[in-house]
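*Asks:* You'll find model.cif just under this line, and it carries mmCIF, C-alpha atoms and all ligand atoms.
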data_coords
loop_
_atom_site.label_atom_id
_atom_site.label_comp_id
_atom_site.auth_asym_id
_atom_site.auth_seq_id
_atom_site.Cartn_x
_atom_site.Cartn_y
_atom_site.Cartn_z
CA MET A 239 -159.19 268.34 66.97
CA TYR A 240 -161.81 270.70 65.66
CA GLY A 241 -164.51 268.37 64.20
CA ARG A 242 -167.40 269.01 66.57
CA TRP A 243 -166.93 272.70 66.26
CA ARG A 244 -166.97 272.45 62.50
CA ASP A 245 -170.19 270.47 62.64
CA ASN A 246 -171.82 273.20 64.68
CA LEU A 247 -170.74 275.69 62.07
CA ALA A 248 -172.25 273.61 59.32
CA ARG A 249 -175.52 273.40 61.27
CA TRP A 250 -176.10 277.09 61.67
CA GLY A 251 -174.25 277.87 58.47
CA VAL A 252 -177.15 277.40 56.05
CA ARG A 253 -179.50 279.77 57.83
CA GLU A 254 -176.80 282.37 58.37
CA TRP A 255 -175.74 282.30 54.76
CA ALA A 256 -179.30 282.63 53.57
CA MET A 257 -179.83 285.64 55.83
CA THR A 258 -176.58 287.18 54.71
CA GLY A 259 -177.58 286.66 51.09
CA LEU A 260 -180.92 288.37 51.72
CA ALA A 261 -179.17 291.23 53.50
CA LEU A 262 -176.81 291.65 50.54
CA VAL A 263 -179.72 291.81 48.12
CA VAL A 264 -181.34 294.52 50.24
CA ILE A 265 -178.06 296.43 50.50
CA CYS A 266 -177.50 296.19 46.73
CA ALA A 267 -181.03 297.45 46.08
CA VAL A 268 -180.50 300.40 48.43
CA VAL A 269 -177.14 301.22 46.88
CA LEU A 270 -178.59 301.06 43.37
CA THR A 271 -181.53 303.27 44.28
CA ALA A 272 -179.33 305.76 46.08
CA GLY A 273 -176.87 305.81 43.19
CA ARG A 274 -179.62 306.65 40.70
CA GLY A 275 -181.36 309.14 42.95
CA LEU A 276 -178.35 311.31 43.69
CA ALA A 277 -176.70 313.65 41.27
CA PHE A 278 -173.37 311.87 41.23
CA GLY A 279 -171.48 314.36 39.06
CA SER A 280 -169.42 313.60 35.97
CA ASP A 281 -168.23 310.07 35.40
CA SER A 282 -164.65 311.23 35.15
CA GLU A 283 -164.64 312.71 38.61
CA ILE A 284 -163.15 311.65 41.89
CA LYS A 285 -166.38 311.23 43.79
CA ALA A 286 -165.26 310.66 47.33
CA VAL A 287 -162.21 310.21 49.54
CA ARG A 288 -162.54 307.83 52.46
CA PHE A 289 -160.24 306.87 55.27
CA GLY A 290 -159.85 303.81 57.45
CA GLY A 291 -157.34 302.27 59.80
CA ASP A 292 -155.32 303.84 62.54
CA ALA A 293 -152.13 305.75 63.27
CA GLN A 294 -149.97 302.76 62.30
CA ARG A 295 -151.68 301.85 59.04
CA THR A 296 -154.11 304.04 57.19
CA ARG A 297 -156.08 303.15 54.10
CA ILE A 298 -157.30 305.84 51.73
CA VAL A 299 -159.98 304.87 49.23
CA LEU A 300 -160.73 307.20 46.29
CA ASP A 301 -164.04 306.55 44.55
CA LEU A 302 -163.56 307.15 40.84
CA GLY A 303 -165.96 307.45 37.90
CA LYS A 304 -163.53 305.67 35.59
CA ASN A 305 -160.29 303.80 35.31
CA THR A 306 -157.13 305.81 35.89
CA ARG A 307 -153.43 305.50 36.38
CA GLY A 308 -151.70 306.91 39.41
CA GLN A 309 -148.21 308.30 39.63
CA VAL A 310 -146.44 309.04 42.88
CA ILE A 311 -145.11 312.60 42.94
CA GLU A 312 -144.16 312.66 46.61
CA ASP A 313 -143.73 309.45 48.57
CA GLY A 314 -144.11 310.64 52.15
CA SER A 315 -140.47 311.43 52.89
CA THR A 316 -141.33 315.13 52.55
CA GLY A 317 -144.13 314.91 55.08
CA ARG A 318 -146.76 314.42 52.45
CA VAL A 319 -147.90 311.97 49.84
CA VAL A 320 -148.88 313.30 46.43
CA VAL A 321 -150.35 311.06 43.76
CA SER A 322 -151.18 312.36 40.30
CA MET A 323 -154.03 310.71 38.42
CA SER A 324 -154.43 311.09 34.70
CA GLY A 325 -157.67 311.52 32.77
CA ILE A 326 -159.74 312.35 35.77
CA THR A 327 -161.03 315.56 37.31
CA PRO A 328 -161.36 316.48 40.97
CA GLY A 329 -164.87 316.40 42.34
CA ARG A 330 -166.32 319.34 44.21
CA GLY A 331 -165.35 320.05 47.76
CA LEU A 332 -162.85 317.24 48.10
CA ASP A 333 -160.63 318.46 50.86
CA GLY A 334 -160.75 318.30 54.60
CA ASN A 335 -159.40 316.54 57.64
CA GLY A 336 -157.90 313.12 57.27
CA SER A 337 -157.67 310.27 59.70
CA GLY A 338 -154.92 308.09 61.14
CA LEU A 339 -151.63 308.96 59.45
CA VAL A 340 -153.25 311.68 57.32
CA ARG A 341 -153.74 315.07 58.93
CA SER A 342 -155.58 316.62 55.99
CA TYR A 343 -156.11 316.10 52.29
CA GLU A 344 -156.74 318.12 49.18
CA VAL A 345 -157.77 317.14 45.67
CA SER A 346 -156.95 319.65 42.94
CA ALA A 347 -156.60 319.93 39.16
CA THR A 348 -153.17 320.46 37.65
CA GLY A 349 -152.78 320.48 33.86
CA GLY A 350 -155.14 317.74 32.74
CA ALA A 351 -154.48 315.56 35.77
CA THR A 352 -155.74 315.47 39.30
CA ARG A 353 -153.46 315.67 42.27
CA VAL A 354 -154.36 314.06 45.52
CA ARG A 355 -152.33 315.53 48.32
CA LEU A 356 -152.19 313.88 51.72
CA ASP A 357 -150.52 315.89 54.47
CA LEU A 358 -149.15 313.42 56.96
CA ALA A 359 -149.72 313.56 60.69
CA ARG A 360 -146.44 311.70 61.24
CA GLY A 361 -143.73 309.85 59.34
CA ALA A 362 -145.29 307.42 56.88
CA GLU A 363 -144.70 305.80 53.54
CA ILE A 364 -146.79 304.19 50.84
CA GLU A 365 -147.10 300.49 51.50
CA ARG A 366 -149.05 299.69 48.36
CA ARG A 367 -151.46 301.15 45.83
CA PHE A 368 -153.96 299.39 43.67
CA LEU A 369 -157.01 299.95 41.54
CA LEU A 370 -160.21 298.00 42.05
CA PRO A 371 -162.75 297.80 39.22
CA PRO A 372 -166.49 298.04 39.93
CA GLY A 373 -167.93 294.86 41.36
CA ASP A 374 -168.87 293.13 44.57
CA GLY A 375 -171.59 295.67 45.22
CA ALA A 376 -169.44 298.71 44.44
CA GLN A 377 -170.55 300.79 41.44
CA ASN A 378 -167.32 302.58 40.67
CA TYR A 379 -163.59 302.17 40.38
CA ARG A 380 -161.65 302.59 43.58
CA TYR A 381 -158.06 303.61 43.91
CA VAL A 382 -156.60 302.45 47.19
CA ILE A 383 -153.52 303.84 48.91
CA ASP A 384 -152.22 302.07 52.00
CA LEU A 385 -149.89 304.05 54.21
CA LYS A 386 -147.84 302.70 57.02
CA ALA A 387 -145.96 304.53 59.75
CA THR A 388 -142.24 304.55 59.10
CA GLY A 389 -139.89 302.99 61.65
CA ALA A 390 -138.41 306.32 62.67
CA ALA A 391 -141.80 307.85 63.33
CA ALA A 392 -143.03 304.79 65.16
CA LEU A 393 -140.22 305.25 67.67
CA ILE A 394 -141.14 308.84 68.49
CA PRO A 395 -140.87 310.36 71.01
CA ALA A 396 -137.91 308.56 72.61
CA ALA A 397 -135.65 306.81 70.13
CA PRO A 398 -134.34 303.65 71.81
CA PRO A 399 -130.76 302.48 71.28
CA ARG A 400 -129.89 300.69 68.04
CA ARG A 401 -129.87 297.25 69.66
CA GLU A 402 -133.51 297.80 70.67
CA GLN A 403 -134.42 298.79 67.14
CA ALA A 404 -132.95 295.59 65.76
CA ARG A 405 -134.92 293.60 68.28
CA ALA A 406 -138.16 295.31 67.29
CA GLU A 407 -137.70 294.16 63.72
CA LYS A 408 -137.53 290.46 64.50
CA PRO A 409 -140.49 288.54 63.11
CA LEU A 410 -143.25 288.01 65.65
CA ILE A 411 -144.65 284.50 65.92
CA VAL A 412 -147.94 284.03 67.75
CA ILE A 413 -148.41 280.48 69.02
CA ASP A 414 -151.90 279.37 69.88
CA ALA A 415 -152.30 276.38 72.20
CA GLY A 416 -155.60 274.87 71.08
CA HIS A 417 -158.53 274.55 73.51
CA GLY A 418 -158.08 275.20 77.26
CA GLY A 419 -160.15 275.69 80.40
CA ARG A 420 -163.69 274.35 80.00
CA ASP A 421 -162.81 273.16 76.47
CA PRO A 422 -160.56 270.08 76.93
CA GLY A 423 -160.38 269.18 73.23
CA ALA A 424 -159.73 265.57 72.25
CA GLN A 425 -159.21 262.87 74.86
CA GLY A 426 -156.45 260.28 74.69
CA VAL A 427 -155.93 257.34 77.01
CA HIS A 428 -153.60 259.32 79.27
CA ALA A 429 -153.86 262.93 78.23
CA GLN A 430 -156.17 265.72 77.19
CA GLU A 431 -155.53 267.77 74.07
CA LYS A 432 -155.65 271.10 75.95
CA ALA A 433 -152.73 270.02 78.14
CA VAL A 434 -150.43 268.75 75.39
CA THR A 435 -151.08 271.81 73.22
CA LEU A 436 -150.10 274.11 76.07
CA SER A 437 -146.89 272.20 76.81
CA ALA A 438 -146.06 272.09 73.11
CA ALA A 439 -146.74 275.83 72.72
CA ARG A 440 -144.37 276.65 75.58
CA GLU A 441 -141.70 274.36 74.14
CA LEU A 442 -142.05 275.80 70.65
CA LYS A 443 -141.77 279.29 72.13
CA ALA A 444 -138.57 278.32 73.94
CA ALA A 445 -137.10 276.72 70.81
CA LEU A 446 -137.82 279.81 68.71
CA GLU A 447 -136.48 282.19 71.32
CA ARG A 448 -133.25 280.20 71.61
CA THR A 449 -132.43 281.11 68.01
CA GLY A 450 -132.45 284.80 69.00
CA ARG A 451 -134.19 285.59 65.73
CA TYR A 452 -137.85 285.76 66.77
CA ARG A 453 -140.25 287.38 69.14
CA VAL A 454 -142.89 284.97 70.38
CA ARG A 455 -146.26 285.40 72.03
CA LEU A 456 -148.72 282.80 73.28
CA THR A 457 -152.49 283.26 73.03
CA ARG A 458 -152.78 281.50 76.38
CA ASP A 459 -150.19 280.50 78.95
CA GLY A 460 -152.38 278.58 81.35
CA ASP A 461 -155.40 276.31 81.48
CA VAL A 462 -157.85 278.98 80.40
CA TYR A 463 -160.50 279.17 77.72
CA VAL A 464 -159.94 281.77 75.02
CA VAL A 465 -162.61 282.28 72.36
CA HIS A 466 -161.46 281.81 68.76
CA GLY A 467 -162.07 285.40 67.80
CA ARG A 468 -159.86 286.56 70.65
CA ARG A 469 -157.01 284.27 69.56
CA VAL A 470 -157.13 285.76 66.09
CA GLN A 471 -157.36 289.27 67.51
CA ILE A 472 -154.24 288.76 69.63
CA ALA A 473 -152.28 287.93 66.48
CA ARG A 474 -153.70 290.87 64.55
CA ASP A 475 -153.24 293.41 67.33
CA ALA A 476 -149.66 292.33 67.86
CA GLY A 477 -148.94 292.57 64.12
CA ALA A 478 -147.87 288.93 63.98
CA ASP A 479 -145.80 287.71 61.04
CA LEU A 480 -147.04 284.19 61.56
CA PHE A 481 -149.83 282.56 63.52
CA ILE A 482 -149.55 278.88 64.35
CA SER A 483 -152.33 277.06 66.19
CA LEU A 484 -151.37 273.75 67.83
CA HIS A 485 -153.82 270.87 68.08
CA ALA A 486 -153.92 267.08 68.42
CA ASP A 487 -156.14 265.02 66.16
CA ALA A 488 -158.61 262.34 67.22
CA GLY A 489 -159.80 259.42 65.13
CA THR A 490 -162.20 256.53 65.64
CA ASP A 491 -159.51 254.21 64.23
CA PRO A 492 -156.70 254.00 66.81
CA ALA A 493 -154.29 252.98 64.04
CA LEU A 494 -154.60 256.40 62.44
CA ARG A 495 -151.59 258.54 63.22
CA GLY A 496 -149.40 261.31 61.89
CA ALA A 497 -149.14 265.09 61.87
CA SER A 498 -150.83 267.42 59.41
CA VAL A 499 -151.10 271.07 58.57
CA TYR A 500 -154.20 273.09 57.75
CA THR A 501 -154.38 276.38 55.93
CA LEU A 502 -157.42 278.47 55.15
CA SER A 503 -159.35 277.19 52.15
CA GLU A 504 -161.13 279.19 49.47
CA GLN A 505 -164.37 278.25 51.19
CA GLY A 506 -162.98 279.38 54.50
CA ALA A 507 -161.98 282.68 52.98
CA GLY A 508 -165.44 283.05 51.53
CA ARG A 509 -166.96 282.38 54.89
CA ALA A 510 -164.72 284.93 56.52
CA VAL A 511 -166.04 287.48 54.09
CA ARG A 512 -169.61 286.51 54.86
CA GLU A 513 -168.96 286.54 58.58
CA PHE A 514 -167.64 289.99 58.13
CA THR A 515 -171.01 291.29 56.97
CA ARG A 516 -172.95 289.80 59.82
CA GLY A 517 -172.51 292.39 62.48
CA ASP A 518 -171.66 290.14 65.40
CA ASP A 519 -168.37 289.62 67.20
CA TRP A 520 -166.76 288.26 64.10
CA GLN A 521 -167.39 291.47 62.26
CA ARG A 522 -165.51 293.39 64.90
CA ASP A 523 -162.76 290.82 64.96
CA LEU A 524 -162.28 290.94 61.24
CA ARG A 525 -162.80 294.63 60.68
CA LEU A 526 -160.34 296.06 58.23
CA PRO A 527 -159.57 299.71 57.66
CA GLY A 528 -162.36 301.48 55.82
CA ARG A 529 -165.81 302.69 56.66
CA ASP A 530 -167.80 301.32 53.77
CA PRO A 531 -168.71 297.67 54.37
CA SER A 532 -168.78 296.83 50.66
CA VAL A 533 -165.26 298.20 50.18
CA ASP A 534 -164.09 296.47 53.31
CA ARG A 535 -165.41 293.18 52.02
CA ILE A 536 -163.44 293.36 48.78
CA LEU A 537 -160.30 294.50 50.50
CA LEU A 538 -160.64 291.76 53.06
CA ASP A 539 -160.96 289.25 50.26
CA MET A 540 -157.85 290.58 48.54
CA THR A 541 -155.81 290.68 51.71
CA GLN A 542 -156.81 287.14 52.37
CA ARG A 543 -155.64 285.85 49.03
CA ALA A 544 -152.21 287.29 49.74
CA THR A 545 -152.08 285.80 53.22
CA GLN A 546 -153.48 282.52 51.91
CA ASN A 547 -150.52 282.30 49.56
CA ARG A 548 -148.11 282.93 52.39
CA SER A 549 -149.88 280.46 54.65
CA ALA A 550 -149.70 277.78 51.97
CA GLN A 551 -146.06 278.59 51.38
CA PHE A 552 -145.29 278.19 55.07
CA ALA A 553 -147.29 274.93 55.19
CA ARG A 554 -145.18 273.56 52.33
CA VAL A 555 -141.88 274.58 53.92
CA LEU A 556 -142.89 273.13 57.28
CA LEU A 557 -144.08 269.83 55.83
CA THR A 558 -141.00 269.46 53.65
CA HIS A 559 -138.91 269.95 56.76
CA LEU A 560 -140.95 267.51 58.87
CA GLU A 561 -140.79 264.86 56.16
CA GLY A 562 -137.11 264.52 56.89
CA GLY A 563 -137.75 263.98 60.62
CA ASP A 564 -138.76 260.94 62.66
CA HIS A 565 -142.35 262.00 63.35
CA PRO A 566 -144.75 260.54 60.78
CA LEU A 567 -147.04 262.65 58.63
CA LEU A 568 -150.50 261.79 57.39
CA ARG A 569 -150.48 260.74 53.75
CA ARG A 570 -152.25 263.89 52.61
CA SER A 571 -150.87 266.09 55.29
CA HIS A 572 -151.63 269.54 53.92
CA ARG A 573 -155.33 270.16 54.05
CA ASP A 574 -157.49 273.21 53.58
CA ALA A 575 -160.22 274.04 56.03
CA GLY A 576 -162.43 276.92 57.00
CA LEU A 577 -161.34 277.09 60.61
CA ALA A 578 -162.26 280.15 62.60
CA VAL A 579 -158.89 280.25 64.27
CA LEU A 580 -157.29 280.73 60.83
CA LEU A 581 -159.52 283.62 59.88
CA ALA A 582 -157.12 286.44 60.66
CA PRO A 583 -157.40 288.12 57.29
CA ASP A 584 -153.99 289.72 57.30
CA VAL A 585 -151.77 287.32 59.24
CA PRO A 586 -150.41 284.17 57.58
CA ALA A 587 -151.86 281.37 59.64
CA ILE A 588 -151.69 277.61 59.88
CA LEU A 589 -153.14 275.00 62.17
CA PHE A 590 -150.73 272.20 63.06
CA GLU A 591 -152.25 268.90 64.12
CA MET A 592 -149.27 267.40 65.94
CA GLY A 593 -150.55 263.83 65.69
CA PHE A 594 -153.45 261.66 66.85
CA ILE A 595 -153.96 261.64 70.60
CA THR A 596 -156.09 258.53 69.99
CA ASN A 597 -153.09 256.61 68.61
CA PRO A 598 -150.76 255.02 71.22
CA GLU A 599 -147.48 255.97 69.47
CA ASP A 600 -148.61 259.53 68.73
CA GLU A 601 -149.95 259.97 72.25
CA ARG A 602 -146.58 258.90 73.60
CA VAL A 603 -144.85 261.55 71.47
CA LEU A 604 -147.38 264.15 72.63
CA THR A 605 -147.06 263.31 76.31
CA ASP A 606 -143.36 262.39 76.55
CA GLU A 607 -141.52 265.60 77.21
CA ARG A 608 -138.36 264.64 75.33
CA ALA A 609 -140.21 263.38 72.25
CA ARG A 610 -142.53 266.36 72.19
CA ARG A 611 -139.64 268.79 72.57
CA ARG A 612 -137.93 267.11 69.62
CA LEU A 613 -141.06 267.56 67.51
CA MET A 614 -141.36 271.21 68.53
CA ARG A 615 -137.68 271.81 67.74
CA SER A 616 -138.41 270.43 64.33
CA VAL A 617 -141.36 272.81 63.91
CA ALA A 618 -139.16 275.70 65.05
CA GLU A 619 -136.60 274.72 62.39
CA GLY A 620 -139.40 274.68 59.80
CA ILE A 621 -140.46 278.19 60.86
CA ASP A 622 -136.84 279.30 60.72
CA ARG A 623 -136.47 277.87 57.24
CA TYR A 624 -139.59 279.72 56.10
CA PHE A 625 -138.30 283.07 57.32
CA ARG A 626 -134.85 282.51 55.85
CA GLU A 627 -136.14 281.46 52.48
CA PRO A 628 -136.22 284.15 49.80
CA SER A 629 -139.74 285.44 50.04
CA ALA A 630 -142.34 284.40 47.48
CA PRO A 631 -144.34 287.20 45.90
CA VAL A 632 -146.87 288.55 48.35
CA MET A 633 -148.85 290.84 46.06
CA VAL A 634 -152.22 289.63 44.87
CA ALA A 635 -152.42 288.71 41.19
CA GLY A 636 -155.39 291.02 40.62
CA GLU A 637 -153.65 294.04 42.03
CA VAL A 638 -152.68 296.83 39.71
CA ALA A 639 -149.56 298.61 40.82
CA GLY A 640 -151.22 301.93 40.12
CA GLY A 641 -149.25 302.61 36.97
CA GLY A 642 -146.65 304.87 38.53
ZN ZN A 701 -158.09 270.61 68.64
#
Translate this file's structure into structure tokens.
Ligand SMILES: [Zn+2]
*Replies:*
Amino acid sequence: MYGRWRDNLARWGVREWAMTGLALVVICAVVLTAGRGLAFGSDSEIKAVRFGGDAQRTRIVLDLGKNTRGQVIEDGSTGRVVVSMSGITPGRGLDGNGSGLVRSYEVSATGGATRVRLDLARGAEIERRFLLPPGDGAQNYRYVIDLKATGAAALIPAAPPRREQARAEKPLIVIDAGHGGRDPGAQGVHAQEKAVTLSAARELKAALERTGRYRVRLTRDGDVYVVHGRRVQIARDAGADLFISLHADAGTDPALRGASVYTLSEQGAGRAVREFTRGDDWQRDLRLPGRDPSVDRILLDMTQRATQNRSAQFARVLLTHLEGGDHPLLRRSHRDAGLAVLLAPDVPAILFEMGFITNPEDERVLTDERARRRLMRSVAEGIDRYFREPSAPVMVAGEVAGGG
């Protein structure tokens, strides 16, 4: 159950949003003034090269005066990435030390095009490239290159045996047992939500591990309180392929029963973006590669749309699977919500309400070890089905493949 927490959000939400709005207006005004005041060079120039991320994933953002098409000349297998951009000229003094996977970079003119050369610090490949038009507070086009460390490089210095490599490639599922410690969650007649979520999380972990196809981590494995931001961060830091948060519903009507699944809503995504600009713990939790907050915000938004699609896809697969089982579902069992625990911008995430702890039949399922195990086995099968299903497109509709 998450209701009270959501109410608190709604209460401080209005003031926070107003302040964020004001801050954005001020930022926009500053950016506009600065943009006019500086000699920004020709409009067909690459104006700046920026880096973000770390030694596993590095994002390179090129600020451009105009639209361009990129073509990959070297893809990283040679120790460098070279992208040629047509109709654009290199700006002045665009070379220097890189960051993360990029040791150094150089922007130079070659026969009507501009070449951006990234010398790699270690083995890496292009994960994706896309062009962003001006908007969302940014005045110019941005060409984004995401690099990720290649498997071989990631295993340096000591290459483990092949069996170990195979194991490292198994999808990682992070299971979050809702509530804990001083936060008991919803109260049933016999049980507290924090206890049934922990038991269920352990059972789901066991069921997934029995298949031999997944790595599993819990956000808590005891009666402890973990803040929401930390739960999300655990999934992000571990590079989770799926984040599933387990809860039990509560209703004023004891007849109300059934399981349901939440994914992040459009509003939730919007709030994540706003949270991101606030400068508190959430900002650190949600920080994406990149040093320019306005760029970060757009990229966060884009990443989220992709993960939202995957979250919704998983929710559908899971619900379809559970429909065939003996545990009832709420009539409208897939709901969208802006829940903080789902705000990992780059990890597909769902919140699974296992049933109503305030309903006698559901509480029995949640507290009876055999019944609960059966439900968790069913969830594990749903997860398995999702990972075995041919993957739906992950790229965001608005993304431009870079032309090359
Ligand atoms: Zn809950």
*Asks:* Suppose you want the space between atom CA of Arg295 of chain A and atom CA of Val585 of chain A; what is it in Å?
*Replies:*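 Calculated distance between atom CA of Arg295 of chain A and atom CA of Val585 of chain A is 14.5 Å.
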*Asks:* Using all atoms listed in the file for the distances, tell me which of A:Arg297, A:Arg355, A:Lys432, A:Lys285 is nearest to ligand ZN 701 (chain A).
*Replies:*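 The answer is A:Lys432, which sits nearest to ligand ZN 701 (chain A).
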*Asks:* Can you tell me which residues come within 8 Å of ligand ZN 701 (chain A) when counting all atoms listed in the file, ideally as a CSV table (one decimal) with C-alpha atoms, in the frame of the given file?
*Replies:*
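As written to disk, selection-v6.csv reads:
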chain,number,residue,atom,x,y,z
A,239,MET,CA,-159.2,268.3,67.0
A,240,TYR,CA,-161.8,270.7,65.7
A,416,GLY,CA,-155.6,274.9,71.1
A,417,HIS,CA,-158.5,274.6,73.5
A,423,GLY,CA,-160.4,269.2,73.2
A,424,ALA,CA,-159.7,265.6,72.2
A,431,GLU,CA,-155.5,267.8,74.1
A,432,LYS,CA,-155.6,271.1,76.0
A,484,LEU,CA,-151.4,273.8,67.8
A,485,HIS,CA,-153.8,270.9,68.1
A,486,ALA,CA,-153.9,267.1,68.4
A,487,ASP,CA,-156.1,265.0,66.2
A,591,GLU,CA,-152.2,268.9,64.1
*Asks:* Please produce, as CSV, a per-residue contact table for segment 475-499 of chain A versus segment 409-413 of chain A (criterion: any atom at most 6 Å away, all atoms listed in the file considered), showing the nearest atom pair and its distance in Å to one decimal, sorted by chain then residue number.
*Replies:*
residue,atom,partner,partner_atom,distance
A:Ala478,CA,A:Leu410,CA,5.0
A:Asp479,CA,A:Leu410,CA,5.3
A:Leu480,CA,A:Ile411,CA,5.0
A:Phe481,CA,A:Val412,CA,4.9
A:Ile482,CA,A:Ile413,CA,5.1
A:Ser483,CA,A:Ile413,CA,5.9
*Asks:* Grab the atom CA of Thr348 of chain A to atom CA of Val320 of chain A distance for me, in Å with one decimal place.
*Replies:* 12.1 Å
*Asks:* Between atom CA of Ser322 of chain A and atom CA of Arg543 of chain A, what distance in Å does the model show, to one decimal?
*Replies:*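 One can read the atom CA of Ser322 of chain A to atom CA of Arg543 of chain A distance as 28.3 Å.
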*Asks:* Would you kindly return, as a list of chain:residue names, each protein, DNA or RNA residue with an atom no farther than 6 Å from any atom of segment 611-615 of chain A, considering all atoms listed in the file and excluding same-chain residues fewer than 3 positions away?
*Replies:* A:Leu442, A:Ala445, A:Glu607, A:Arg608, A:Ala618
*Asks:* For segment 385-387 of chain A, list every protein, DNA or RNA residue within 12 Å, evaluated using only C-alpha atoms, and leave out those in the same chain fewer than 4 positions away; present the list as a PyMOL selection string.
*Replies:* chain A and resi 289-299+313-315+317-319+337-340+356-367+391-394+527
*Asks:* Using all atoms listed in the file for the distances, tell me which of A:Lys408, A:Arg458, A:Ser437, A:Asp414 is nearest to Ala609 of chain A.
*Replies:*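 Going through A:Lys408, A:Arg458, A:Ser437, A:Asp414 one by one, the smallest distance to Ala609 of chain A is for A:Ser437.
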*Asks:* Just the residues within 10 Å of Val434 of chain A, please, counting all atoms listed in the file, with nothing from its chain fewer than 4 positions along; format it as a PyMOL selection string.
*Replies:* chain A and resi 415-416+429-430+438-440+484-486+592+595+601+603-607+610
*Asks:* Some atoms are absent from segment 485-503 of chain A, so rebuild N, CA and C atoms and return them as a PDB file, in the coordinates of the input.
*Replies:*
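See out.pdb below for the written result:
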ATOM      1  N   HIS A 485    -152.732 271.783  67.711  1.00  0.00           N
ATOM      2  CA  HIS A 485    -153.820 270.870  68.080  1.00  0.00           C
ATOM      3  C   HIS A 485    -153.332 269.427  68.040  1.00  0.00           C
ATOM      4  N   ALA A 486    -154.167 268.518  68.560  1.00  0.00           N
ATOM      5  CA  ALA A 486    -153.920 267.080  68.420  1.00  0.00           C
ATOM      6  C   ALA A 486    -155.191 266.478  67.840  1.00  0.00           C
ATOM      7  N   ASP A 487    -155.012 265.653  66.854  1.00  0.00           N
ATOM      8  CA  ASP A 487    -156.140 265.020  66.160  1.00  0.00           C
ATOM      9  C   ASP A 487    -156.760 263.925  67.004  1.00  0.00           C
ATOM     10  N   ALA A 488    -157.982 263.526  66.620  1.00  0.00           N
ATOM     11  CA  ALA A 488    -158.610 262.340  67.220  1.00  0.00           C
ATOM     12  C   ALA A 488    -159.277 261.569  66.101  1.00  0.00           C
ATOM     13  N   GLY A 489    -159.172 260.239  66.157  1.00  0.00           N
ATOM     14  CA  GLY A 489    -159.800 259.420  65.130  1.00  0.00           C
ATOM     15  C   GLY A 489    -160.504 258.240  65.778  1.00  0.00           C
ATOM     16  N   THR A 490    -161.507 257.700  65.100  1.00  0.00           N
ATOM     17  CA  THR A 490    -162.200 256.530  65.640  1.00  0.00           C
ATOM     18  C   THR A 490    -161.332 255.288  65.453  1.00  0.00           C
ATOM     19  N   ASP A 491    -160.440 255.324  64.457  1.00  0.00           N
ATOM     20  CA  ASP A 491    -159.510 254.210  64.230  1.00  0.00           C
ATOM     21  C   ASP A 491    -158.210 254.506  64.965  1.00  0.00           C
ATOM     22  N   PRO A 492    -157.909 253.712  66.021  1.00  0.00           N
ATOM     23  CA  PRO A 492    -156.700 254.000  66.810  1.00  0.00           C
ATOM     24  C   PRO A 492    -155.409 253.804  66.014  1.00  0.00           C
ATOM     25  N   ALA A 493    -155.496 253.169  64.845  1.00  0.00           N
ATOM     26  CA  ALA A 493    -154.290 252.980  64.040  1.00  0.00           C
ATOM     27  C   ALA A 493    -153.888 254.265  63.314  1.00  0.00           C
ATOM     28  N   LEU A 494    -154.847 255.165  63.187  1.00  0.00           N
ATOM     29  CA  LEU A 494    -154.600 256.400  62.440  1.00  0.00           C
ATOM     30  C   LEU A 494    -153.635 257.296  63.209  1.00  0.00           C
ATOM     31  N   ARG A 495    -152.553 257.678  62.548  1.00  0.00           N
ATOM     32  CA  ARG A 495    -151.590 258.540  63.220  1.00  0.00           C
ATOM     33  C   ARG A 495    -150.921 259.480  62.218  1.00  0.00           C
ATOM     34  N   GLY A 496    -150.160 260.409  62.746  1.00  0.00           N
ATOM     35  CA  GLY A 496    -149.400 261.310  61.890  1.00  0.00           C
ATOM     36  C   GLY A 496    -149.824 262.762  62.069  1.00  0.00           C
ATOM     37  N   ALA A 497    -148.891 263.655  61.762  1.00  0.00           N
ATOM     38  CA  ALA A 497    -149.140 265.090  61.870  1.00  0.00           C
ATOM     39  C   ALA A 497    -149.698 265.632  60.565  1.00  0.00           C
ATOM     40  N   SER A 498    -150.347 266.774  60.626  1.00  0.00           N
ATOM     41  CA  SER A 498    -150.830 267.420  59.410  1.00  0.00           C
ATOM     42  C   SER A 498    -150.953 268.916  59.631  1.00  0.00           C
ATOM     43  N   VAL A 499    -151.037 269.613  58.521  1.00  0.00           N
ATOM     44  CA  VAL A 499    -151.100 271.070  58.570  1.00  0.00           C
ATOM     45  C   VAL A 499    -152.337 271.544  57.821  1.00  0.00           C
ATOM     46  N   TYR A 500    -153.053 272.475  58.418  1.00  0.00           N
ATOM     47  CA  TYR A 500    -154.200 273.090  57.750  1.00  0.00           C
ATOM     48  C   TYR A 500    -153.895 274.546  57.408  1.00  0.00           C
ATOM     49  N   THR A 501    -154.342 274.946  56.235  1.00  0.00           N
ATOM     50  CA  THR A 501    -154.380 276.380  55.930  1.00  0.00           C
ATOM     51  C   THR A 501    -155.812 276.735  55.566  1.00  0.00           C
ATOM     52  N   LEU A 502    -156.067 278.010  55.465  1.00  0.00           N
ATOM     53  CA  LEU A 502    -157.420 278.470  55.150  1.00  0.00           C
ATOM     54  C   LEU A 502    -157.758 278.135  53.706  1.00  0.00           C
ATOM     55  N   SER A 503    -158.936 277.553  53.510  1.00  0.00           N
ATOM     56  CA  SER A 503    -159.350 277.190  52.150  1.00  0.00           C
ATOM     57  C   SER A 503    -160.080 278.348  51.487  1.00  0.00           C
TER      58      SER A 503
END
